[in-house]
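The next block holds one structure in the form of structure tokens; read it before the comments.
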Amino acid sequence: MSGAVPRYLAELGAEGGLRGTDIANITEVSKATVSRWKAGDIKPQPRNELILSDLHYVVGRLREYYPADDIRSWLYARHPQLDGERAIDLIHSDRTLEVLKVIDRLENEVYL
């Protein structure tokens with residue numbers, strides 16, 4: 001396993017509690033494709049690389065506040081500060097900045 005994508009995927013699992021199915025769902029690819037990414041056999045399309053990069057960054061930020069299983073739950077939960085939307089859906093829709101604003105509130109001790 002070499003390269004950023006396999007490393008990101010390993011860290012998303014270890015630090016964010018995310019499974020191959022989660023990655024497949026957010027990137028809209030098959031679990032087999034995610035497995036090939038993990039093995040370094042193929043690279044994601046540029047849009048999916050951006051999604052993975054954003055997801056990796058968000059998980060890294062959340063790691064400061066939550067354990068891995070809670071991060072996964074946080075990403076899938078509907079949030080009042082996101083107008084009832086789920087962070088995972090916003091990341092998929094290239095709206096990661098909205099998610100990061102909520103995390104910034106955690107940093108400023110305005111807990112959710």
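Labels for the structure tokens follow display order: chains A, B, ..., residues from 1 in each chain, ligands from 1.
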
**Study point:** Near-Arg47 of chain A list (12 Å; only C-alpha atoms; drop same-chain fewer than 2 positions) as a ChimeraX atom specification
**Key:** /A:26-29,43-45,49-54,91-94

**Study point:** Residues within 12 Å of segment 6-19 of chain A, only C-alpha atoms, excluding chain neighbours under 3 positions, as a PyMOL selection string
**Key:** chain A and resi 1-3+22-26+31+34-44+49-76+88

If you run DSSP on this backbone, which residues of chain A come out as helix (DSSP H, G or I), and could you give them as a short mmCIF file (atom, residue, chain, number, x, y, z; two decimals) with C-alpha atoms, in the first residue's frame?
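And here's part-v4.cif as it stands now:
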data_model
loop_
_atom_site.label_atom_id
_atom_site.label_comp_id
_atom_site.auth_asym_id
_atom_site.auth_seq_id
_atom_site.Cartn_x
_atom_site.Cartn_y
_atom_site.Cartn_z
CA ALA A 4 -2.10 9.03 -0.43
CA VAL A 5 -5.38 7.30 -1.29
CA PRO A 6 -4.62 3.92 0.34
CA ARG A 7 -3.23 5.76 3.40
CA TYR A 8 -6.32 8.01 3.60
CA LEU A 9 -8.60 4.98 3.38
CA ALA A 10 -6.72 3.16 6.14
CA GLU A 11 -6.87 6.25 8.35
CA LEU A 12 -10.56 6.80 7.63
CA GLY A 13 -11.20 3.29 8.92
CA ALA A 14 -8.90 3.46 11.94
CA GLU A 15 -9.58 7.02 13.02
CA GLY A 16 -13.06 7.66 11.68
CA GLY A 20 -15.59 0.24 2.86
CA THR A 21 -19.36 0.47 2.43
CA ASP A 22 -19.34 4.01 3.82
CA ILE A 23 -16.61 5.06 1.41
CA ALA A 24 -18.42 3.37 -1.49
CA ASN A 25 -21.65 5.19 -0.61
CA ILE A 26 -20.12 8.66 -0.31
CA THR A 27 -18.17 8.29 -3.56
CA LYS A 31 -17.18 -1.78 -2.60
CA ALA A 32 -14.92 -3.64 -5.04
CA THR A 33 -13.68 -0.32 -6.41
CA VAL A 34 -12.91 0.88 -2.89
CA SER A 35 -10.97 -2.36 -2.31
CA ARG A 36 -8.92 -1.70 -5.44
CA TRP A 37 -8.23 1.85 -4.20
CA LYS A 38 -7.08 0.44 -0.85
CA ALA A 39 -4.76 -2.00 -2.60
CA PRO A 46 -10.49 13.39 -9.52
CA ARG A 47 -13.93 14.19 -8.04
CA ASN A 48 -13.70 11.17 -5.74
CA GLU A 49 -10.15 12.10 -4.76
CA LEU A 50 -11.51 15.47 -3.63
CA ILE A 51 -14.28 13.81 -1.64
CA LEU A 52 -11.78 11.47 0.03
CA SER A 53 -9.44 14.34 0.78
CA ASP A 54 -12.23 16.43 2.33
CA LEU A 55 -13.51 13.45 4.31
CA HIS A 56 -10.00 12.72 5.57
CA TYR A 57 -9.60 16.35 6.68
CA VAL A 58 -12.98 16.41 8.45
CA VAL A 59 -12.24 13.12 10.24
CA GLY A 60 -8.86 14.51 11.32
CA ARG A 61 -10.57 17.56 12.79
CA LEU A 62 -13.24 15.48 14.55
CA ALA A 68 -13.66 6.65 15.89
CA ASP A 69 -17.12 5.13 16.40
CA ASP A 70 -18.52 8.48 17.49
CA ILE A 71 -17.01 10.18 14.44
CA ARG A 72 -18.85 7.78 12.15
CA SER A 73 -22.10 8.48 14.01
CA TRP A 74 -21.45 12.23 13.91
CA LEU A 75 -20.95 12.13 10.15
CA TYR A 76 -24.22 10.23 9.60
CA PRO A 80 -29.55 21.20 13.62
CA GLN A 81 -26.61 23.48 12.78
CA LEU A 82 -26.58 22.00 9.28
CA ALA A 87 -22.33 15.94 7.23
CA ILE A 88 -21.57 12.93 5.03
CA ASP A 89 -24.08 14.18 2.43
CA LEU A 90 -22.67 17.69 2.49
CA ILE A 91 -19.13 16.40 1.96
CA HIS A 92 -20.40 14.38 -1.01
CA THR A 96 -17.48 20.61 3.20
CA LEU A 97 -16.99 24.21 4.32
CA GLU A 98 -20.41 24.12 5.99
CA VAL A 99 -19.32 21.05 7.96
CA LEU A 100 -16.03 22.69 8.94
CA LYS A 101 -17.89 25.73 10.31
CA VAL A 102 -19.76 23.43 12.70
CA ILE A 103 -16.47 21.81 13.75
CA ASP A 104 -15.02 25.28 14.32
CA ARG A 105 -17.80 25.82 16.85
CA LEU A 106 -16.58 22.72 18.69
CA GLU A 107 -13.13 24.26 18.78
#

Check your understanding: Taking the backbone alone, and naming residues the way the document does, which bits of chain A are strand (DSSP E or B) by DSSP, as a VMD selection string?
Key -> chain A and resid 78 to 79 85 to 86
